[in-house]
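So the structure is just underneath, and the comments pick up after that.
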Amino acid sequence: MKHTVAAQIPNSDNIILELDDSLAPKTVSLFLKGLPFNLGANVWGKEIYTNPAPFSAPLENTKDVVELYDVAFWPPGNAICLFYGQTPIGVKNEIKPYSSVSVIGKIIDPDRKILSKINPDTVISFRLS
């Protein structure tokens, strides 16, 4: 089953996420049960990752390389990751997380300009859409 979540960033358009519980059912369930929540945001290359989420989950269906616009959960930091392109450790045309992640969905209607609007004080509000 697919679930639509809005990631609201101040002074910007929302990022719409489509979570798919067929990808990582336990992680998606914990994410949805925790909603709504607010998390600080950071940028690493062309990835937005959050401060620790209000839930933890083990790796499910592990991925060491992800696809463009994937949404993932990174258990070591309890972080939600939004992949807009290459990360600093990926080789050409490869999007490589810092370490293995659980892919939980996709970014719908992505706009890369959002990366420039993330600063150390940015807080993202995650809510069911």
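Going through the structure tokens in order, the chains are called A, B, and so on, while each chain numbers its residues from 1 and the ligands are numbered from 1 in the order shown.
Neighbouring residues of Val103 of chain A at 8 Å or closer, counting only C-alpha atoms and skipping chain neighbours under 5 positions away, are Leu23, Ala24, Asn61, Thr62, Lys63, Val66, Asp70, Val71, Ala72 and Phe73 of chain A.
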As a PDB file with N, CA and C atoms, in the first residue's frame, please: every residue in chain A that DSSP puts in alpha helix (DSSP H).
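Contents of result25.pdb, as written:
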ATOM      1  N   PRO A  25       8.122  -2.807   5.019  1.00  0.00           N
ATOM      2  CA  PRO A  25       6.861  -2.682   5.758  1.00  0.00           C
ATOM      3  C   PRO A  25       6.989  -2.226   7.211  1.00  0.00           C
ATOM      4  N   LYS A  26       7.949  -2.749   7.950  1.00  0.00           N
ATOM      5  CA  LYS A  26       8.081  -2.374   9.355  1.00  0.00           C
ATOM      6  C   LYS A  26       8.491  -0.913   9.492  1.00  0.00           C
ATOM      7  N   THR A  27       9.431  -0.484   8.662  1.00  0.00           N
ATOM      8  CA  THR A  27       9.917   0.897   8.732  1.00  0.00           C
ATOM      9  C   THR A  27       8.824   1.880   8.333  1.00  0.00           C
ATOM     10  N   VAL A  28       8.109   1.590   7.256  1.00  0.00           N
ATOM     11  CA  VAL A  28       7.025   2.476   6.818  1.00  0.00           C
ATOM     12  C   VAL A  28       5.947   2.554   7.905  1.00  0.00           C
ATOM     13  N   SER A  29       5.607   1.436   8.508  1.00  0.00           N
ATOM     14  CA  SER A  29       4.597   1.423   9.565  1.00  0.00           C
ATOM     15  C   SER A  29       5.030   2.305  10.747  1.00  0.00           C
ATOM     16  N   LEU A  30       6.276   2.182  11.179  1.00  0.00           N
ATOM     17  CA  LEU A  30       6.777   2.999  12.287  1.00  0.00           C
ATOM     18  C   LEU A  30       6.792   4.478  11.919  1.00  0.00           C
ATOM     19  N   PHE A  31       7.179   4.789  10.691  1.00  0.00           N
ATOM     20  CA  PHE A  31       7.190   6.170  10.203  1.00  0.00           C
ATOM     21  C   PHE A  31       5.780   6.748  10.305  1.00  0.00           C
ATOM     22  N   LEU A  32       4.800   6.035   9.760  1.00  0.00           N
ATOM     23  CA  LEU A  32       3.424   6.530   9.738  1.00  0.00           C
ATOM     24  C   LEU A  32       2.836   6.658  11.139  1.00  0.00           C
ATOM     25  N   LYS A  33       3.134   5.698  12.021  1.00  0.00           N
ATOM     26  CA  LYS A  33       2.627   5.758  13.393  1.00  0.00           C
ATOM     27  C   LYS A  33       3.209   6.948  14.151  1.00  0.00           C
ATOM     28  N   GLY A  34       4.415   7.382  13.780  1.00  0.00           N
ATOM     29  CA  GLY A  34       5.065   8.502  14.449  1.00  0.00           C
ATOM     30  C   GLY A  34       4.574   9.870  14.004  1.00  0.00           C
TER      31      GLY A  34
END
inquiry  = Here is a test: counting only C-alpha atoms, which residue of A:Val5, A:Asp21, A:Tyr69, A:Tyr49 is nearest to Asp111 of chain A?
reply    =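 Checking each of A:Val5, A:Asp21, A:Tyr69, A:Tyr49 against Asp111 of chain A, counting only C-alpha atoms, the winner is A:Tyr69.
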task = May I have all residues of segment 7-85 of chain A that DSSP, computed from the backbone, assigns to strand (DSSP E or B), given as a PyMOL selection string?
result = chain A and resi 7-8+15-20+37-44+47-50+62-63+66+70-74+79-83
Which polymer residues have any atom within 12 Å of an atom of Asn119 of chain A, counting only C-alpha atoms, with same-chain residues fewer than 2 positions away left out, as a PDB file with N, CA, C and O atoms, in the first residue's frame?
ATOM      1  N   ILE A   9       8.644  22.523   4.429  1.00  0.00           N
ATOM      2  CA  ILE A   9       9.856  23.283   4.707  1.00  0.00           C
ATOM      3  C   ILE A   9       9.470  24.755   4.728  1.00  0.00           C
ATOM      4  O   ILE A   9       8.829  25.241   3.781  1.00  0.00           O
ATOM      5  N   PRO A  10       9.818  25.486   5.791  1.00  0.00           N
ATOM      6  CA  PRO A  10       9.442  26.900   5.867  1.00  0.00           C
ATOM      7  C   PRO A  10       9.909  27.686   4.635  1.00  0.00           C
ATOM      8  O   PRO A  10      10.996  27.446   4.106  1.00  0.00           O
ATOM      9  N   GLY A  40      15.088  18.505  12.370  1.00  0.00           N
ATOM     10  CA  GLY A  40      16.092  19.361  11.768  1.00  0.00           C
ATOM     11  C   GLY A  40      16.629  18.703  10.509  1.00  0.00           C
ATOM     12  O   GLY A  40      16.628  17.474  10.390  1.00  0.00           O
ATOM     13  N   ALA A  41      17.069  19.526   9.553  1.00  0.00           N
ATOM     14  CA  ALA A  41      17.522  19.008   8.261  1.00  0.00           C
ATOM     15  C   ALA A  41      18.956  19.414   7.968  1.00  0.00           C
ATOM     16  O   ALA A  41      19.428  20.458   8.427  1.00  0.00           O
ATOM     17  N   ASN A  42      19.626  18.564   7.207  1.00  0.00           N
ATOM     18  CA  ASN A  42      21.010  18.788   6.794  1.00  0.00           C
ATOM     19  C   ASN A  42      21.128  18.400   5.325  1.00  0.00           C
ATOM     20  O   ASN A  42      20.312  17.644   4.804  1.00  0.00           O
ATOM     21  N   VAL A  43      22.189  18.884   4.668  1.00  0.00           N
ATOM     22  CA  VAL A  43      22.437  18.521   3.277  1.00  0.00           C
ATOM     23  C   VAL A  43      23.828  17.916   3.177  1.00  0.00           C
ATOM     24  O   VAL A  43      24.795  18.429   3.759  1.00  0.00           O
ATOM     25  N   TRP A  44      23.921  16.804   2.436  1.00  0.00           N
ATOM     26  CA  TRP A  44      25.194  16.123   2.169  1.00  0.00           C
ATOM     27  C   TRP A  44      25.217  15.821   0.680  1.00  0.00           C
ATOM     28  O   TRP A  44      24.468  14.951   0.220  1.00  0.00           O
ATOM     29  N   ILE A  48      19.223  15.290   1.253  1.00  0.00           N
ATOM     30  CA  ILE A  48      18.746  15.905   2.487  1.00  0.00           C
ATOM     31  C   ILE A  48      18.589  14.768   3.490  1.00  0.00           C
ATOM     32  O   ILE A  48      17.989  13.741   3.174  1.00  0.00           O
ATOM     33  N   TYR A  49      19.174  14.938   4.675  1.00  0.00           N
ATOM     34  CA  TYR A  49      18.968  13.948   5.730  1.00  0.00           C
ATOM     35  C   TYR A  49      18.573  14.679   7.002  1.00  0.00           C
ATOM     36  O   TYR A  49      18.910  15.846   7.190  1.00  0.00           O
ATOM     37  N   THR A  50      17.831  13.993   7.848  1.00  0.00           N
ATOM     38  CA  THR A  50      17.287  14.638   9.039  1.00  0.00           C
ATOM     39  C   THR A  50      18.065  14.284  10.300  1.00  0.00           C
ATOM     40  O   THR A  50      18.828  13.322  10.335  1.00  0.00           O
ATOM     41  N   ILE A 114      15.096  23.052  -3.821  1.00  0.00           N
ATOM     42  CA  ILE A 114      14.853  22.928  -2.387  1.00  0.00           C
ATOM     43  C   ILE A 114      16.176  22.757  -1.629  1.00  0.00           C
ATOM     44  O   ILE A 114      16.307  23.197  -0.490  1.00  0.00           O
ATOM     45  N   LEU A 115      17.173  22.141  -2.263  1.00  0.00           N
ATOM     46  CA  LEU A 115      18.462  21.911  -1.599  1.00  0.00           C
ATOM     47  C   LEU A 115      19.089  23.219  -1.137  1.00  0.00           C
ATOM     48  O   LEU A 115      19.682  23.287  -0.063  1.00  0.00           O
ATOM     49  N   SER A 116      18.956  24.267  -1.943  1.00  0.00           N
ATOM     50  CA  SER A 116      19.567  25.551  -1.599  1.00  0.00           C
ATOM     51  C   SER A 116      18.823  26.252  -0.461  1.00  0.00           C
ATOM     52  O   SER A 116      19.327  27.214   0.111  1.00  0.00           O
ATOM     53  N   LYS A 117      17.637  25.780  -0.124  1.00  0.00           N
ATOM     54  CA  LYS A 117      16.843  26.412   0.935  1.00  0.00           C
ATOM     55  C   LYS A 117      17.044  25.750   2.291  1.00  0.00           C
ATOM     56  O   LYS A 117      16.497  26.191   3.290  1.00  0.00           O
ATOM     57  N   ASP A 121      19.413  25.806  10.397  1.00  0.00           N
ATOM     58  CA  ASP A 121      18.253  26.062  11.251  1.00  0.00           C
ATOM     59  C   ASP A 121      16.949  25.510  10.674  1.00  0.00           C
ATOM     60  O   ASP A 121      15.886  25.659  11.257  1.00  0.00           O
ATOM     61  N   THR A 122      17.015  24.859   9.507  1.00  0.00           N
ATOM     62  CA  THR A 122      15.805  24.379   8.849  1.00  0.00           C
ATOM     63  C   THR A 122      15.190  23.211   9.616  1.00  0.00           C
ATOM     64  O   THR A 122      15.886  22.267   9.995  1.00  0.00           O
ATOM     65  N   VAL A 123      13.883  23.282   9.797  1.00  0.00           N
ATOM     66  CA  VAL A 123      13.123  22.185  10.399  1.00  0.00           C
ATOM     67  C   VAL A 123      12.079  21.743   9.392  1.00  0.00           C
ATOM     68  O   VAL A 123      11.355  22.559   8.828  1.00  0.00           O
ATOM     69  N   ILE A 124      12.033  20.454   9.138  1.00  0.00           N
ATOM     70  CA  ILE A 124      11.037  19.877   8.229  1.00  0.00           C
ATOM     71  C   ILE A 124       9.916  19.263   9.067  1.00  0.00           C
ATOM     72  O   ILE A 124      10.178  18.516  10.001  1.00  0.00           O
TER      73      ILE A 124
END
inquiry  = Excluding Asn78 of chain A and its own-chain neighbours fewer than 2 positions away, which residues fall within 8 Å of it when counting only C-alpha atoms? Please give them as a VMD selection string.
reply    = chain A and resid 51 to 53 55 to 57 73 to 76 80
task = Considering only C-alpha atoms, return as a list in words whatever protein or nucleic-acid residues lie within 9 Å of Glu94 of chain A, sequence-local ones (same chain, fewer than 6 positions apart) excluded.
result = Val65, Val66, Glu67, Gly85, Gln86 and Thr87 of chain A
Selection from above, N, CA, C and O atoms, as a short mmCIF file (atom, residue, chain, number, x, y, z; two decimals), in the first residue's frame, can you write it?
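selection.cif, freshly written:
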data_model
loop_
_atom_site.label_atom_id
_atom_site.label_comp_id
_atom_site.auth_asym_id
_atom_site.auth_seq_id
_atom_site.Cartn_x
_atom_site.Cartn_y
_atom_site.Cartn_z
N VAL A 65 23.31 1.30 -2.75
CA VAL A 65 23.21 2.32 -3.80
C VAL A 65 21.72 2.53 -4.03
O VAL A 65 20.96 1.56 -4.10
N VAL A 66 21.30 3.79 -4.12
CA VAL A 66 19.88 4.09 -4.28
C VAL A 66 19.63 4.76 -5.62
O VAL A 66 20.56 5.11 -6.35
N GLU A 67 18.35 4.95 -5.93
CA GLU A 67 17.96 5.59 -7.18
C GLU A 67 17.61 7.05 -6.93
O GLU A 67 17.29 7.45 -5.81
N GLY A 85 20.21 13.42 -5.90
CA GLY A 85 21.33 13.24 -6.82
C GLY A 85 22.52 12.64 -6.10
O GLY A 85 22.39 12.07 -5.01
N GLN A 86 23.67 12.81 -6.72
CA GLN A 86 24.89 12.17 -6.25
C GLN A 86 25.31 12.67 -4.86
O GLN A 86 25.17 13.84 -4.53
N THR A 87 25.83 11.75 -4.08
CA THR A 87 26.40 12.07 -2.77
C THR A 87 27.92 12.17 -2.91
O THR A 87 28.48 11.73 -3.92
#
Distance of atom CA of Glu60 of chain A from atom CA of Ile108 of chain A, expressed in Å to one decimal place =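 Between atom CA of Ile108 of chain A and atom CA of Glu60 of chain A the gap is 22.0 Å.
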query = From the set A:Lys106, A:Asn38, A:Pro120, A:Ser100, which residue has the shortest atom-to-atom contact distance to Gln8 of chain A, counting only C-alpha atoms?
reply =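 Counting only C-alpha atoms, the residue closest to Gln8 of chain A is A:Asn38.
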task = For Leu128 of chain A, list every protein, DNA or RNA residue within 8 Å, evaluated using only C-alpha atoms, and leave out those in the same chain fewer than 6 positions away; present the list as a PyMOL selection string.
result = chain A and resi 3-6+32+35-36
task = To one decimal in Å, tell me the separation between atom CA of Pro110 of chain A and atom CA of Lys96 of chain A.
result = 18.8 Å
message = Please compute the atom CA of Ile104 of chain A-atom CA of Gly45 of chain A distance, one decimal, in Å.
response =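 These atoms are spaced 20.3 Å apart.
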key: Pick from A:Pro97, A:Ser12, A:Ser129, A:Pro54 nearest to Phe37 of chain A, counting only C-alpha atoms   =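 Closest candidate: A:Pro54.
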